[in-house]
Amino acid sequence: MRLPVPPRAEPGAGPVRAAERTVPWLRVAAAYAWRLILVGIAVYGVFSLLGSFQLVAVALFVALVVTSVLRPPTDLLARFLPRPLCVAGTLVGSVVLLLGLLALVGGAVAGESGRLASEFHGGVDRIEEWLRRPPFRLGPGALSRLQQQVTHYVATHRSALISSAVGELGRVVELVTGAALALFASVFFLHSGERLWAWARDRLLPSGARPVWDRAGGAAWRTFAGYTRGIIIVAATNAVLVGVVLLVLKVPLALPLTVLEFFAAFVPLVGSPVALGVATVVALAGRGPLTAAGVLVLIVVIGQLEGHVLHPLVMSWAVRLHPLVVAVSVIAGSIVAGVIGAVVAVPLVSVVWAVLNALRAAPP
């Protein structure tokens with residue numbers, strides 16, 4: 001009687017059977033792990049590249065912001081006027097408006113400089129008197145020692161402070177260069193943004209991938225433009241409310257503080273409290289503790305209004321992110337790239353989420 005011949009092992013059967021004997025969840029975790037490692041390496045490489053060209057990246061981001069804001073009036077004017085003339089008119093008008101606002105703020109500060117100096121001097125005296133009372137009970141010696149320490153620090157590190165101030169001149173040059181590049185890019189984005197996208201798509205992508213990239217690019221731009229316009233509406237509303245309250249409370253530098261609140265609102269959840277904290281210090285020095293307490297109440301009211309009314313009402317049609325995601329994004333962006341990262345983080349996460357949703361949905 002002949003013994004049965006065992007079946008011939010197929011090529012690669014041994015490793016497959018050995019892998020099948022592995023715990024299933026460990027096999028799945030390993031499969032996801034190496035993919036996540038590759039994605040992490042790619043993301044790290046992209047951010048490292050952007051960090052090397054931070055000036056260019058920030059300038060292009062500002063150009064996209066300008067384009068998202070000025071595109072509707074440019075398209076409206078293009079119905080009656082040539083496109084180049086509309087682009088020039090909207091850009092020049094926005095620059096003139098911004099320079100006029102800065103000139104108004106500078107004139108307000110310069111006009112109140114003499115009165116503010118005396119008010120702040122009296123405010124510092126009131127703060128010292130307030131600190132001597134309960135519950136602080138700081139003696140005159142502690143305050144004088146603090147002043148002496150500050151004076152000694154400035155005198156000792158005078159050369160370092162001067163060198164750092166001179167070093168900031170390079171930052172000014174970079175700022176001017178970035179602003180010029182952003183303005184230059186905004187001209188082309190406003191004039192022929194669709195043609196630039198079509199040229200890059202047709203030159204860089206195969207024909208089969210173009211519909212997918214069109215869908216992803218359209219979702220990204222709609223989300224970014226909606227977020228930008230929404231955050232401007234929220235910032236303007238906050239600034240108007242803060243300005244009215246500061247004028248009613250007769251806080252010094254009400255107009256500059258209002259402009260500060262407008263720009264600070266571009267950092268969600270964090271910017272407004274910081275700007276109103278500065279307003280509280282100014283109110284404490286210029287008007288006393290009661291006015292400062294009123295500004296503190298304003299911080300709470302603005303925070304509740306922004307978080308529960310403005311953001312859900314204005315931003316819901318543009319982005320739908322949980323407040324925890326927004327907070328983590330702002331903190332992570334500030335850790336990676338400082339103030340710029342805090343500003344860019346939320347729109348970046350919103351765009352990525354919109355692109356993922358667009359690619360997950362069925363094509364039209």
# chains A, B, ... in the order shown; residues from 1 in each chain; ligands from 1
$ residues_around --residues "region 187-196 of chain A" --least-positions-apart "4" --cutoff "10 Å" --atoms "only C-alpha atoms" --output "short mmCIF file (atom, residue, chain, number, x, y, z; two decimals) with N, CA, C and O atoms, in the first residue's frame"
data_model
loop_
_atom_site.label_atom_id
_atom_site.label_comp_id
_atom_site.auth_asym_id
_atom_site.auth_seq_id
_atom_site.Cartn_x
_atom_site.Cartn_y
_atom_site.Cartn_z
N ALA A 63 -2.21 85.96 0.90
CA ALA A 63 -2.79 86.20 -0.42
C ALA A 63 -4.10 85.45 -0.59
O ALA A 63 -5.07 85.98 -1.17
N LEU A 64 -4.17 84.23 -0.08
CA LEU A 64 -5.43 83.48 -0.15
C LEU A 64 -6.51 84.13 0.71
O LEU A 64 -7.68 84.16 0.31
N VAL A 66 -6.73 87.37 1.41
CA VAL A 66 -7.14 88.57 0.67
C VAL A 66 -8.04 88.20 -0.49
O VAL A 66 -9.06 88.86 -0.77
N THR A 67 -7.70 87.12 -1.20
CA THR A 67 -8.50 86.69 -2.33
C THR A 67 -9.90 86.27 -1.90
O THR A 67 -10.90 86.61 -2.55
N SER A 68 -9.99 85.52 -0.79
CA SER A 68 -11.30 85.08 -0.32
C SER A 68 -12.18 86.24 0.11
O SER A 68 -13.41 86.17 -0.03
N LEU A 70 -11.82 89.60 -1.06
CA LEU A 70 -12.05 90.54 -2.15
C LEU A 70 -12.63 89.90 -3.39
O LEU A 70 -12.96 90.62 -4.35
N ARG A 71 -12.74 88.59 -3.41
CA ARG A 71 -13.27 87.95 -4.62
C ARG A 71 -14.72 88.32 -4.89
O ARG A 71 -15.09 88.62 -6.06
N PRO A 72 -15.64 88.31 -3.90
CA PRO A 72 -17.03 88.69 -4.21
C PRO A 72 -17.18 90.11 -4.77
O PRO A 72 -17.87 90.28 -5.79
N THR A 74 -14.96 91.84 -6.35
CA THR A 74 -14.31 91.86 -7.66
C THR A 74 -15.22 91.23 -8.72
O THR A 74 -15.35 91.76 -9.84
N ASP A 75 -15.84 90.09 -8.38
CA ASP A 75 -16.76 89.46 -9.34
C ASP A 75 -17.98 90.34 -9.61
O ASP A 75 -18.49 90.37 -10.74
N ARG A 83 -11.99 93.13 -16.07
CA ARG A 83 -11.49 92.40 -14.90
C ARG A 83 -10.23 93.03 -14.31
O ARG A 83 -10.13 93.18 -13.08
N PRO A 84 -9.23 93.40 -15.11
CA PRO A 84 -8.02 94.02 -14.50
C PRO A 84 -8.33 95.29 -13.72
O PRO A 84 -7.75 95.54 -12.66
N LEU A 85 -9.25 96.11 -14.25
CA LEU A 85 -9.61 97.33 -13.55
C LEU A 85 -10.32 97.03 -12.22
O LEU A 85 -10.08 97.72 -11.21
N CYS A 86 -11.13 96.00 -12.19
CA CYS A 86 -11.82 95.61 -10.95
C CYS A 86 -10.82 95.13 -9.90
O CYS A 86 -10.92 95.48 -8.72
N VAL A 87 -9.83 94.32 -10.34
CA VAL A 87 -8.82 93.83 -9.40
C VAL A 87 -8.03 94.99 -8.82
O VAL A 87 -7.80 95.07 -7.59
N ALA A 88 -7.61 95.90 -9.68
CA ALA A 88 -6.84 97.06 -9.20
C ALA A 88 -7.67 97.91 -8.26
O ALA A 88 -7.18 98.38 -7.21
N THR A 90 -10.29 97.07 -6.28
CA THR A 90 -10.54 96.45 -4.97
C THR A 90 -9.27 96.40 -4.13
O THR A 90 -9.30 96.66 -2.92
N LEU A 91 -8.12 96.10 -4.75
CA LEU A 91 -6.87 96.04 -3.99
C LEU A 91 -6.46 97.41 -3.49
O LEU A 91 -6.10 97.59 -2.31
N ALA A 182 2.66 88.94 -0.94
CA ALA A 182 1.24 88.64 -0.78
C ALA A 182 0.38 89.50 -1.70
O ALA A 182 -0.58 89.00 -2.32
N LEU A 183 0.72 90.78 -1.82
CA LEU A 183 -0.03 91.66 -2.71
C LEU A 183 0.14 91.23 -4.17
O LEU A 183 -0.82 91.22 -4.95
N ALA A 200 -2.19 74.12 -13.38
CA ALA A 200 -1.47 73.22 -12.49
C ALA A 200 -2.06 71.82 -12.52
O ALA A 200 -1.34 70.81 -12.50
N ARG A 201 -3.38 71.71 -12.59
CA ARG A 201 -4.03 70.40 -12.64
C ARG A 201 -3.68 69.64 -13.91
O ARG A 201 -3.34 68.46 -13.88
#
$ atom_distance --atom1 "CA of Phe224 (chain A)" --atom2 "CA of Pro347 (chain A)"
6.3 Å
$ atom_distance --atom1 "CA of Asp214 (chain A)" --atom2 "CA of Val349 (chain A)"
19.2 Å
$ residues_around --residues "Gly178 (chain A)" --least-positions-apart "6" --cutoff "8 Å" --atoms "only C-alpha atoms" --output "list in words"
Leu55, Val56, Val58 and Ala59 of chain A
$ closest_residue --among "A:Ile37, A:Leu97, A:Ala254, A:Ala198" --to "Trp213 (chain A)" --atoms "only C-alpha atoms"
A:Ala198
$ residues_around --residues "Gly333 (chain A)" --least-positions-apart "2" --cutoff "10 Å" --atoms "only C-alpha atoms" --output "MDAnalysis selection string"
chainID A and resid 327:331 335:346 348
$ closest_atom_pairs --of "region 64-110 of chain A" --to "region 257-281 of chain A" --cutoff "10 Å" --atoms "only C-alpha atoms" --output "JSON lines"
{"residue": "A:Leu101", "atom": "CA", "partner": "A:Val259", "partner_atom": "CA", "distance": 8.7}
{"residue": "A:Leu102", "atom": "CA", "partner": "A:Val259", "partner_atom": "CA", "distance": 9.0}
{"residue": "A:Val105", "atom": "CA", "partner": "A:Val259", "partner_atom": "CA", "distance": 8.1}
$ write_last_selection --atoms "C-alpha atoms" --output "PDB file, in the first residue's frame"
ATOM      1  CA  LEU A 101      -7.553 102.893   9.822  1.00  0.00           C
ATOM      2  CA  LEU A 102      -3.939 102.773  10.990  1.00  0.00           C
ATOM      3  CA  VAL A 105      -5.443 104.865  15.384  1.00  0.00           C
TER       4      VAL A 105
END
$ atom_distance --atom1 "CA of Arg215 (chain A)" --atom2 "CA of Arg360 (chain A)"
10.7 Å
$ residues_around --residues "region 246-250 of chain A" --least-positions-apart "4" --cutoff "10 Å" --atoms "only C-alpha atoms" --output "list in words"
Val240, Leu241, Val242, Ala254, Leu255, Leu257, Thr258, Ala279, Ala283, Gly286, Arg287, Leu290, Thr291, Ala292, Gly294, Val295 and Leu298 of chain A
$ closest_residue --among "A:Ala236, A:Val28, A:Ala33, A:Ala216" --to "Ala354 (chain A)" --atoms "only C-alpha atoms"
A:Ala216
$ closest_residue --among "A:Ala78, A:Leu181, A:Val245, A:Leu284" --to "Ile299 (chain A)" --atoms "only C-alpha atoms"
A:Val245
$ closest_residue --among "A:Leu296, A:Ala285, A:Thr237, A:Phe184" --to "Pro252 (chain A)" --atoms "only C-alpha atoms"
A:Ala285
